[in-house]
Amino acid sequence: MTDTIFARASGAGQAAVAVLRLSGPGTAGVVARLAGRLPAARRASLRRLRDPDDGEVLDEALVLWFPGPASYTGEDAAELHLHGGSAVVAAVTDALGRLGCRPAEPGEFTRRAFLHGRMDLTQAEAIADLIAAETATQRRQALRQADGALGRLYGGWTERLTRILAQQEAAIEFEMDDLPTDVADRAREAAATLAREIGAHLDDGRRGERLREGLSIAILGAPNAGKSSLLNALAGRDAAIVSPIAGTTRDIVECRLELNGVPAVIADTAGLRASTDAIEQEGVRRAMRRAEEADLILAAFAADRPPDAETLALLRDAPGAILVATKCDLAPPPALDTPGTVIATSARTGEGLKALRSALAREAARHAGLGDAPALTRSRHRAALAETLEQLRLAQGAPLPELAAEGYRAALLALGRITGRVEVESILDSIFRDFCIGK
């Protein structure tokens, strides 16, 4: 990383202020050439920035200097707070290029922060999540992860697993020495405890991933059940075409909602019925596939006629589904012998929509609410933890102590991939030396 990079840290387009960020070994020299001299560290200084070739004033800007390693990237860094006009930004970026800087690649500042040990991979991912956060709950989860909550949890597990491996290796290497006879048994018991904790962490209903990616909600029911009107009413706009002609909706129409801080994607689907029309058949197939993938189903039927067999089957196959009677301005909903409560709604009058939104918000909180323990937020976390758990279980049942040690080592490598710090040998050597010295 010998290059000095720069990038705009503020939004694109004209604004009152534009911020350019620099990082790399040449930062001090570049800032001194532009600003005349290097300002005091971590203090905003007003400077005239001049063209390095002819000395022309480019802008009067605030300059901040962050000597490494006490910077975001861990290397020398600086910020130039310019006037936000496009001509000013263009002139300064051109000068930076002539001074040997290059534009940063996407995510390169955070990549350098990771490589310099300023953060682990979970924190780097949290920075991306924080930038992309659309709701307050997403922001809280991202901030919690950026603060290192997830990294500390996995770091603690890594330390425990390293000690387990050290115990197992000691039982093998010093079998004939004066070691306690139950060293391997203690390692196995500790591994079993750790496996239970990792298993409980994995069995979280994907709440962290749901909060990050959004809850998936599917509206299903027969043709003309009021599904499209229901979607429009919840979205607050005309997202789906509403028509009395059965089979109008043939493809999936999606809208984004916020349910008490939890993002959600709600989908209107084709009406469920037998049809000889090839396009409608494909629409029904896609509707059923969406139902299988959805976190929550709204089973809709028109209040002026009882739900058909397909809608009732949805309730049997998806016990968490919410039954919604639409068009209740035309008739009261019929009494049904089904589990759960029927929510009567009318897209025309707005009746029942508040109750439906409240029910959706409760379900969203249940699926994706923040708990006391940090939640894994990405599928790669889940895959690495699943491999860690599998290797721990294989190690506990290994017929030979050497195979158990290999299992613990593989588990440690899989766990280390989450944070990006897989220095198994150096950590193990340190702890193993301590184990032998204390023997």
# chains A, B, ... in the order shown; residues from 1 in each chain; ligands from 1
call {"tool": "residues_around", "arguments": {"residues": "Leu415 (chain A)", "least_positions_apart": "5", "cutoff": "9 Å", "atoms": "only C-alpha atoms", "output": "compact mmCIF listing (two decimals) with C-alpha atoms, in the first residue's frame"}}
result
# COMPACT_ATOMS: atom_id res chain seq x y z
CA TYR A 154 -16.36 -14.23 18.08
CA GLY A 155 -13.01 -13.12 19.52
CA TRP A 157 -14.95 -17.87 21.21
CA THR A 158 -11.65 -17.87 19.31
CA HIS A 381 -21.18 -15.54 9.13
CA ALA A 384 -18.56 -20.13 8.85
CA LEU A 385 -20.30 -20.77 12.18
CA GLU A 387 -18.68 -25.20 9.69
CA THR A 388 -17.19 -24.37 13.09
CA ALA A 410 -10.35 -26.69 11.44
CA VAL A 422 -7.02 -16.37 10.96
call {"tool": "residues_around", "arguments": {"residues": "region 302-306 of chain A", "least_positions_apart": "5", "cutoff": "8 Å", "atoms": "only C-alpha atoms", "output": "VMD selection string"}}
result
chain A and resid 224 to 226 325 to 328 330 to 334 344
call {"tool": "residues_around", "arguments": {"residues": "His83 (chain A)", "least_positions_apart": "3", "cutoff": "7 Å", "atoms": "only C-alpha atoms", "output": "PyMOL selection string"}}
result
chain A and resi 16-18+88
call {"tool": "write_last_selection", "arguments": {"atoms": "N, CA and C atoms", "output": "CSV table (one decimal), in the first residue's frame"}}
result
chain,number,residue,atom,x,y,z
A,16,ALA,N,-22.9,23.1,-0.2
A,16,ALA,CA,-22.1,24.2,0.4
A,16,ALA,C,-20.7,23.7,0.7
A,17,VAL,N,-20.5,22.5,1.1
A,17,VAL,CA,-19.2,21.9,1.4
A,17,VAL,C,-19.0,20.6,0.7
A,18,ALA,N,-17.9,20.4,0.2
A,18,ALA,CA,-17.5,19.1,-0.3
A,18,ALA,C,-16.2,18.6,0.5
A,88,VAL,N,-14.6,23.9,-8.2
A,88,VAL,CA,-13.6,23.9,-7.1
A,88,VAL,C,-13.1,22.4,-6.9
call {"tool": "residues_around", "arguments": {"residues": "His81 (chain A)", "least_positions_apart": "2", "cutoff": "6 Å", "atoms": "only C-alpha atoms", "output": "list of chain:residue names"}}
result
A:Ala18, A:Val19, A:Ala61, A:Leu62
call {"tool": "select_by_dssp", "arguments": {"residues": "region 131-361 of chain A", "states": "strand (DSSP E or B)", "output": "number ranges by chain"}}
result
A: 215-221, 253-259, 262-268, 296-302, 322-326, 342-344
call {"tool": "closest_residue", "arguments": {"among": "A:Ala355, A:Leu230, A:Gly55, A:Arg47", "to": "Ala218 (chain A)", "atoms": "only C-alpha atoms"}}
result
A:Leu230
call {"tool": "closest_residue", "arguments": {"among": "A:Gly36, A:Pro374, A:Glu402, A:Tyr72", "to": "Leu143 (chain A)", "atoms": "only C-alpha atoms"}}
result
A:Pro374
call {"tool": "select_by_dssp", "arguments": {"residues": "region 27-266 of chain A", "states": "alpha helix (DSSP H)", "output": "number ranges by chain"}}
result
A: 27-35, 86-98, 108-115, 121-132, 136-146, 149-173, 183-202, 207-213, 227-235
call {"tool": "residues_around", "arguments": {"residues": "Phe114 (chain A)", "least_positions_apart": "4", "cutoff": "9 Å", "atoms": "only C-alpha atoms", "output": "ChimeraX atom specification"}}
result
/A:73-74,109-110,118-121,123-124,420
call {"tool": "write_last_selection", "arguments": {"atoms": "N, CA, C and O atoms", "output": "PDB file, in the first residue's frame"}}
result
ATOM      1  N   THR A  73      -7.754   4.884   8.674  1.00  0.00           N
ATOM      2  CA  THR A  73      -7.124   3.807   7.911  1.00  0.00           C
ATOM      3  C   THR A  73      -5.905   3.217   8.601  1.00  0.00           C
ATOM      4  O   THR A  73      -5.387   2.193   8.162  1.00  0.00           O
ATOM      5  N   GLY A  74      -5.404   3.880   9.646  1.00  0.00           N
ATOM      6  CA  GLY A  74      -4.188   3.413  10.296  1.00  0.00           C
ATOM      7  C   GLY A  74      -2.921   3.953   9.654  1.00  0.00           C
ATOM      8  O   GLY A  74      -1.815   3.637  10.098  1.00  0.00           O
ATOM      9  N   PHE A 109     -10.728   2.721   1.465  1.00  0.00           N
ATOM     10  CA  PHE A 109     -10.366   3.285   2.769  1.00  0.00           C
ATOM     11  C   PHE A 109     -10.638   2.281   3.883  1.00  0.00           C
ATOM     12  O   PHE A 109      -9.803   2.071   4.772  1.00  0.00           O
ATOM     13  N   THR A 110     -11.806   1.660   3.838  1.00  0.00           N
ATOM     14  CA  THR A 110     -12.138   0.666   4.862  1.00  0.00           C
ATOM     15  C   THR A 110     -11.260  -0.569   4.727  1.00  0.00           C
ATOM     16  O   THR A 110     -10.875  -1.182   5.726  1.00  0.00           O
ATOM     17  N   ARG A 118      -7.158  -1.717  12.163  1.00  0.00           N
ATOM     18  CA  ARG A 118      -8.036  -0.746  12.812  1.00  0.00           C
ATOM     19  C   ARG A 118      -9.427  -1.302  13.051  1.00  0.00           C
ATOM     20  O   ARG A 118     -10.192  -0.754  13.856  1.00  0.00           O
ATOM     21  N   MET A 119      -9.798  -2.362  12.331  1.00  0.00           N
ATOM     22  CA  MET A 119     -11.105  -2.996  12.503  1.00  0.00           C
ATOM     23  C   MET A 119     -11.033  -4.404  11.953  1.00  0.00           C
ATOM     24  O   MET A 119     -10.113  -4.736  11.182  1.00  0.00           O
ATOM     25  N   ASP A 120     -11.977  -5.253  12.367  1.00  0.00           N
ATOM     26  CA  ASP A 120     -12.052  -6.585  11.772  1.00  0.00           C
ATOM     27  C   ASP A 120     -13.104  -6.574  10.660  1.00  0.00           C
ATOM     28  O   ASP A 120     -13.727  -5.548  10.374  1.00  0.00           O
ATOM     29  N   LEU A 121     -13.300  -7.728  10.037  1.00  0.00           N
ATOM     30  CA  LEU A 121     -14.219  -7.785   8.897  1.00  0.00           C
ATOM     31  C   LEU A 121     -15.655  -7.487   9.307  1.00  0.00           C
ATOM     32  O   LEU A 121     -16.402  -6.877   8.543  1.00  0.00           O
ATOM     33  N   GLN A 123     -16.650  -5.423  11.551  1.00  0.00           N
ATOM     34  CA  GLN A 123     -16.788  -3.969  11.679  1.00  0.00           C
ATOM     35  C   GLN A 123     -16.776  -3.294  10.308  1.00  0.00           C
ATOM     36  O   GLN A 123     -17.506  -2.322  10.085  1.00  0.00           O
ATOM     37  N   ALA A 124     -15.957  -3.806   9.392  1.00  0.00           N
ATOM     38  CA  ALA A 124     -15.951  -3.250   8.038  1.00  0.00           C
ATOM     39  C   ALA A 124     -17.310  -3.439   7.373  1.00  0.00           C
ATOM     40  O   ALA A 124     -17.830  -2.536   6.706  1.00  0.00           O
ATOM     41  N   GLY A 420     -11.825 -12.260   9.829  1.00  0.00           N
ATOM     42  CA  GLY A 420     -10.724 -12.041   8.905  1.00  0.00           C
ATOM     43  C   GLY A 420      -9.356 -12.161   9.546  1.00  0.00           C
ATOM     44  O   GLY A 420      -8.346 -11.872   8.920  1.00  0.00           O
TER      45      GLY A 420
END
call {"tool": "residues_around", "arguments": {"residues": "Ala321 (chain A)", "least_positions_apart": "5", "cutoff": "7 Å", "atoms": "only C-alpha atoms", "output": "PDB file with N, CA, C and O atoms, in the first residue's frame"}}
result
ATOM      1  N   LEU A 296     -43.540 -13.930   6.079  1.00  0.00           N
ATOM      2  CA  LEU A 296     -44.899 -13.750   6.576  1.00  0.00           C
ATOM      3  C   LEU A 296     -45.858 -13.734   5.387  1.00  0.00           C
ATOM      4  O   LEU A 296     -45.546 -13.166   4.343  1.00  0.00           O
ATOM      5  N   ILE A 297     -47.027 -14.341   5.560  1.00  0.00           N
ATOM      6  CA  ILE A 297     -48.039 -14.401   4.506  1.00  0.00           C
ATOM      7  C   ILE A 297     -49.300 -13.684   4.974  1.00  0.00           C
ATOM      8  O   ILE A 297     -49.757 -13.880   6.105  1.00  0.00           O
ATOM      9  N   LEU A 298     -49.846 -12.841   4.108  1.00  0.00           N
ATOM     10  CA  LEU A 298     -51.172 -12.279   4.309  1.00  0.00           C
ATOM     11  C   LEU A 298     -52.122 -13.046   3.407  1.00  0.00           C
ATOM     12  O   LEU A 298     -52.053 -12.936   2.181  1.00  0.00           O
ATOM     13  N   ALA A 299     -52.987 -13.853   3.994  1.00  0.00           N
ATOM     14  CA  ALA A 299     -53.973 -14.626   3.230  1.00  0.00           C
ATOM     15  C   ALA A 299     -55.244 -13.794   3.108  1.00  0.00           C
ATOM     16  O   ALA A 299     -55.959 -13.589   4.090  1.00  0.00           O
ATOM     17  N   LEU A 315     -53.555 -21.238   5.332  1.00  0.00           N
ATOM     18  CA  LEU A 315     -53.539 -21.125   6.786  1.00  0.00           C
ATOM     19  C   LEU A 315     -53.058 -22.415   7.439  1.00  0.00           C
ATOM     20  O   LEU A 315     -52.378 -22.398   8.453  1.00  0.00           O
TER      21      LEU A 315
END
call {"tool": "closest_residue", "arguments": {"among": "A:Ala32, A:Ala78, A:Ala347, A:Ala267", "to": "Glu293 (chain A)", "atoms": "only C-alpha atoms"}}
result
A:Ala267
call {"tool": "atom_distance", "arguments": {"atom1": "CA of Glu258 (chain A)", "atom2": "CA of Ile127 (chain A)"}}
result
21.4 Å
call {"tool": "residues_around", "arguments": {"residues": "Gly205 (chain A)", "least_positions_apart": "3", "cutoff": "12 Å", "atoms": "only C-alpha atoms", "output": "NGL selection string"}}
result
:A and (199-202 or 208-211 or 215 or 295 or 366-371 or 375-377 or 382)
call {"tool": "closest_residue", "arguments": {"among": "A:Gln145, A:Thr269, A:Thr4, A:Gln14", "to": "Gly26 (chain A)", "atoms": "only C-alpha atoms"}}
result
A:Thr4
call {"tool": "closest_residue", "arguments": {"among": "A:Ala361, A:Leu356, A:Ala12, A:Ile252", "to": "Met288 (chain A)", "atoms": "only C-alpha atoms"}}
result
A:Ile252
